[in-house]
Amino acid sequence: MTSGALVLTMAVLFAWGAFAARLERANLTAPMAFVGVGVVLANLVDFGHQAETNAVAALTEATLTWVLFSDAARVGLRELRSDAGIYGRLLGLALPVTVMLGALCAWWLLGTPGFWVALFIGSALAPTDAALGTVVISHPAVPARIRRIINVESGLNDGFVTPIVVLALAGAAATEHGTGGPGTLLVAALQLAGGALIGAGIGGGGGWLLRTTARRGWAGENLAGPAVLALALLAYAGSVAAHGNGFVAAFVAGLAFGRVAGRGGPREVFYVEQTAGLVSMLVWMLFGAIGVPVLVGHLDWQIVLYAVLSLTVIRMVPVALSLLGAHLGPRTVAFIGWFGPRGLASVVFALLAVEELGDEAAPAVAVIVATVLLSVVAHGVSAGPLAARFGGREPAPDAPGRQIIAPAARLSSAAVALPDPAPAATAERSGPDGPADTERRNP
């Protein structure tokens, strides 16, 4: 990277940290700002060199590793129990239907060369990223229960869909090289299973060790956060070294760590989230610098139409069908369906496709880039106005439980629930259908 590009990058990072709250009130989100900076950066840095490409790959893979780990570690059993039926509908029904509907539309509208590429597009664009609509997660007009539902779904669906992405890429690569067959998919399935086992062992063992050393006063307060940061990378790297899937390992490690660490983990997970927030801004810059030029050479009306369908019909119809009988109002269902932005996970999956398929991945990458760019703008601009309007029109009852899980913290100053012995600022709101809800916020 040239000195000019480095100066621009660091200046924008600092400026965003200084003015983030003010800019977000003007409906300018971090992804919007940093993608724009990336477009400018494309004129200063040549990312065609192998060294630059490897650096981008390492950065994006580390970012997704930390995001998967922290999102999974944040999910507590109490929060899942409070709306277990809703999460089961969204993750067990809406998510797979979204994947298949996206794959079918890719095959029919885009004329993808085979089933596996279509499945890759459908699965890569299925996970949501609450960080792109972070105003919704922190807006006081939106009932806490709805914020929690959007947040938990976003925190879990990227981990759930990763195995499908891996299998689709394995199938596409095997077909391209003429080595397709059950053996290739069996290897990919074994890699997923191996990653899960390794992640569970590393995450659970690390959580137990941190809880034990913290209880005995052996853990260094200032280094516990970086230690958990390294633990997430250890799960990823250990799995890759053992020929397992690193992303699945990171997600399962986060689940195991959050379950075992107890009170010894939340602050350290917050450190991981903050680090992921910093590097994800850099990933958005790189997305603007690398992804937009790829899109320019492939953009046509079919890709634009698919991007629109991906954010509307392909996402919202499965959500609406899955929530039938869930006793949520139509506006609430539409609100949850619309705020399923496509973000960081989709970007990393596109990069994985480039690594696995080379130039053959360009059409699929162009579709992902177009959809994510549209999502960055559409969800960023609509988050504030729709959140305020939703709160005024249809307040929803809040489910039991006070903690708001906030994986969206990676890109903004959104509220994050942390255990703190100091008094926390509270905001109380009561709706006509339920008791007052109290939301703990990080000061």
# chains A, B, ... in the order shown; residues from 1 in each chain; ligands from 1
>>> select_by_dssp(residues="stretch 158-266 of chain A", states="alpha helix (DSSP H)", output="ChimeraX atom specification")
/A:158-176,182-215,221-241,246-261,266
>>> residues_around(residues="A:Val372", least_positions_apart="4", cutoff="12 Å", atoms="only C-alpha atoms", output="ChimeraX atom specification")
/A:31-32,35,124-129,132,284,287-288,291-292,295,303-304,306-308,310-311,340-350,365-368,376-380
>>> write_last_selection(atoms="N, CA and C atoms", output="compact mmCIF listing (two decimals), in the first residue's frame")
# COMPACT_ATOMS: atom_id res chain seq x y z
N PRO A 31 -20.57 1.25 6.38
CA PRO A 31 -20.33 0.61 5.09
C PRO A 31 -20.46 1.57 3.91
N MET A 32 -21.45 2.46 3.94
CA MET A 32 -21.61 3.42 2.86
C MET A 32 -20.35 4.29 2.73
N VAL A 35 -17.10 2.06 1.72
CA VAL A 35 -17.13 1.60 0.33
C VAL A 35 -16.77 2.76 -0.60
N ALA A 124 -24.61 -17.74 -0.47
CA ALA A 124 -23.73 -16.63 -0.11
C ALA A 124 -24.51 -15.36 0.20
N LEU A 125 -25.69 -15.22 -0.40
CA LEU A 125 -26.50 -14.02 -0.19
C LEU A 125 -27.64 -14.25 0.80
N ALA A 126 -27.66 -15.39 1.47
CA ALA A 126 -28.71 -15.67 2.45
C ALA A 126 -28.45 -15.06 3.82
N PRO A 127 -27.21 -15.06 4.33
CA PRO A 127 -26.99 -14.52 5.69
C PRO A 127 -27.17 -13.01 5.73
N THR A 128 -27.66 -12.52 6.85
CA THR A 128 -27.91 -11.09 7.03
C THR A 128 -26.84 -10.48 7.93
N ASP A 129 -26.75 -9.17 7.88
CA ASP A 129 -25.74 -8.43 8.64
C ASP A 129 -26.42 -7.24 9.29
N LEU A 132 -25.40 -3.34 8.97
CA LEU A 132 -25.78 -2.42 7.92
C LEU A 132 -27.03 -1.62 8.27
N TRP A 284 -14.56 -3.26 4.20
CA TRP A 284 -15.49 -2.50 3.36
C TRP A 284 -14.74 -1.59 2.39
N PHE A 287 -13.60 -3.82 -0.28
CA PHE A 287 -14.75 -4.19 -1.09
C PHE A 287 -15.02 -3.11 -2.15
N GLY A 288 -14.96 -1.85 -1.74
CA GLY A 288 -15.14 -0.77 -2.71
C GLY A 288 -14.03 -0.70 -3.73
N GLY A 291 -14.22 -4.87 -5.39
CA GLY A 291 -15.49 -5.40 -5.87
C GLY A 291 -16.15 -4.53 -6.92
N VAL A 292 -16.11 -3.23 -6.73
CA VAL A 292 -16.79 -2.34 -7.68
C VAL A 292 -16.20 -2.45 -9.08
N LEU A 295 -17.60 -5.47 -10.74
CA LEU A 295 -19.00 -5.29 -11.12
C LEU A 295 -19.13 -4.51 -12.42
N ILE A 303 -28.49 -8.82 -13.55
CA ILE A 303 -27.83 -8.74 -12.26
C ILE A 303 -28.54 -7.72 -11.37
N VAL A 304 -28.93 -6.58 -11.95
CA VAL A 304 -29.64 -5.57 -11.17
C VAL A 304 -30.97 -6.12 -10.67
N TYR A 306 -31.76 -9.26 -10.21
CA TYR A 306 -31.53 -10.28 -9.17
C TYR A 306 -31.22 -9.62 -7.84
N ALA A 307 -30.43 -8.55 -7.84
CA ALA A 307 -30.10 -7.86 -6.60
C ALA A 307 -31.36 -7.33 -5.92
N VAL A 308 -32.26 -6.76 -6.72
CA VAL A 308 -33.52 -6.25 -6.16
C VAL A 308 -34.35 -7.40 -5.60
N SER A 310 -33.29 -10.27 -4.55
CA SER A 310 -32.62 -10.85 -3.39
C SER A 310 -32.97 -10.12 -2.10
N LEU A 311 -33.08 -8.80 -2.18
CA LEU A 311 -33.37 -8.00 -0.99
C LEU A 311 -34.86 -7.93 -0.67
N GLY A 340 -33.01 -7.40 6.54
CA GLY A 340 -32.10 -8.52 6.41
C GLY A 340 -30.99 -8.12 5.45
N PRO A 341 -30.17 -7.12 5.82
CA PRO A 341 -29.15 -6.61 4.91
C PRO A 341 -28.10 -7.68 4.59
N ARG A 342 -27.51 -7.56 3.41
CA ARG A 342 -26.40 -8.45 3.03
C ARG A 342 -25.11 -7.69 3.26
N GLY A 343 -24.16 -8.33 3.94
CA GLY A 343 -22.98 -7.59 4.32
C GLY A 343 -21.70 -8.38 4.30
N LEU A 344 -21.02 -8.37 5.44
CA LEU A 344 -19.65 -8.85 5.54
C LEU A 344 -19.51 -10.32 5.15
N ALA A 345 -20.41 -11.17 5.62
CA ALA A 345 -20.29 -12.61 5.30
C ALA A 345 -20.36 -12.83 3.80
N SER A 346 -21.28 -12.16 3.12
CA SER A 346 -21.40 -12.31 1.67
C SER A 346 -20.13 -11.86 0.96
N VAL A 347 -19.52 -10.78 1.44
CA VAL A 347 -18.27 -10.29 0.85
C VAL A 347 -17.17 -11.34 0.99
N VAL A 348 -17.04 -11.94 2.17
CA VAL A 348 -16.00 -12.95 2.38
C VAL A 348 -16.27 -14.20 1.55
N PHE A 349 -17.53 -14.58 1.43
CA PHE A 349 -17.86 -15.75 0.61
C PHE A 349 -17.49 -15.48 -0.86
N ALA A 350 -17.68 -14.25 -1.32
CA ALA A 350 -17.29 -13.91 -2.69
C ALA A 350 -15.78 -14.07 -2.87
N VAL A 365 -19.40 -13.48 -8.46
CA VAL A 365 -18.91 -12.39 -7.61
C VAL A 365 -19.60 -11.08 -7.97
N ALA A 366 -19.82 -10.85 -9.26
CA ALA A 366 -20.50 -9.62 -9.68
C ALA A 366 -21.91 -9.53 -9.12
N VAL A 367 -22.61 -10.67 -9.09
CA VAL A 367 -23.97 -10.69 -8.52
C VAL A 367 -23.93 -10.35 -7.03
N ILE A 368 -22.98 -10.94 -6.31
CA ILE A 368 -22.87 -10.67 -4.88
C ILE A 368 -22.51 -9.22 -4.63
N VAL A 376 -26.18 -1.97 1.00
CA VAL A 376 -25.49 -0.93 1.76
C VAL A 376 -26.24 0.39 1.66
N VAL A 377 -26.66 0.74 0.45
CA VAL A 377 -27.35 2.02 0.25
C VAL A 377 -28.80 1.94 0.75
N ALA A 378 -29.54 0.93 0.30
CA ALA A 378 -30.97 0.87 0.61
C ALA A 378 -31.23 0.70 2.10
N HIS A 379 -30.53 -0.20 2.75
CA HIS A 379 -30.76 -0.41 4.17
C HIS A 379 -30.14 0.70 5.01
N GLY A 380 -29.04 1.26 4.55
CA GLY A 380 -28.45 2.37 5.28
C GLY A 380 -29.33 3.59 5.28
>>> residues_around(residues="A:Gly195", least_positions_apart="3", cutoff="9 Å", atoms="only C-alpha atoms", output="ChimeraX atom specification")
/A:190-192,198-200,235-236,238-240,242-250,252
>>> residues_around(residues="A:Phe251", least_positions_apart="5", cutoff="6 Å", atoms="only C-alpha atoms", output="PyMOL selection string")
chain A and resi 68-69+72+159
>>> residues_around(residues="A:Pro363", least_positions_apart="6", cutoff="9 Å", atoms="only C-alpha atoms", output="ChimeraX atom specification")
/A:112,294-295,298
>>> write_last_selection(atoms="N, CA and C atoms", output="PDB file, in the first residue's frame")
ATOM      1  N   THR A 112     -26.855 -19.373 -14.723  1.00  0.00           N
ATOM      2  CA  THR A 112     -25.605 -19.880 -14.156  1.00  0.00           C
ATOM      3  C   THR A 112     -25.241 -21.216 -14.803  1.00  0.00           C
ATOM      4  N   VAL A 294     -14.868  -5.047 -10.439  1.00  0.00           N
ATOM      5  CA  VAL A 294     -15.343  -6.333 -10.978  1.00  0.00           C
ATOM      6  C   VAL A 294     -16.767  -6.190 -11.490  1.00  0.00           C
ATOM      7  N   LEU A 295     -17.599  -5.466 -10.738  1.00  0.00           N
ATOM      8  CA  LEU A 295     -18.998  -5.294 -11.125  1.00  0.00           C
ATOM      9  C   LEU A 295     -19.127  -4.511 -12.416  1.00  0.00           C
ATOM     10  N   HIS A 298     -19.244  -6.512 -15.590  1.00  0.00           N
ATOM     11  CA  HIS A 298     -20.261  -7.555 -15.742  1.00  0.00           C
ATOM     12  C   HIS A 298     -21.694  -7.054 -15.545  1.00  0.00           C
TER      13      HIS A 298
END
>>> closest_residue(among="A:Ala130, A:Val40, A:Leu90, A:Leu234", to="A:Val317", atoms="only C-alpha atoms")
A:Leu90
>>> atom_distance(atom1="atom CA of A:Gly114", atom2="atom CA of A:Pro318")
23.9 Å
>>> closest_atom_pairs(of="stretch 213-242 of chain A", to="stretch 55-67 of chain A", cutoff="8 Å", atoms="only C-alpha atoms", output="Markdown table")
| residue | atom | partner | partner_atom | distance |
| --- | --- | --- | --- | --- |
| A:Leu229 | CA | A:Trp66 | CA | 7.2 |
| A:Ala232 | CA | A:Trp66 | CA | 6.3 |
| A:Leu233 | CA | A:Thr65 | CA | 6.8 |
| A:Tyr236 | CA | A:Thr65 | CA | 6.9 |
>>> atom_distance(atom1="atom CA of A:Gly194", atom2="atom CA of A:Ala168")
17.8 Å
>>> atom_distance(atom1="atom CA of A:Leu41", atom2="atom CA of A:Leu28")
19.2 Å
>>> closest_residue(among="A:Ser123, A:Ser138, A:Arg148, A:Val166", to="A:Tyr87", atoms="only C-alpha atoms")
A:Arg148
>>> closest_residue(among="A:Ile336, A:Ala73, A:Leu282, A:Ala387", to="A:Ile150", atoms="only C-alpha atoms")
A:Ile336
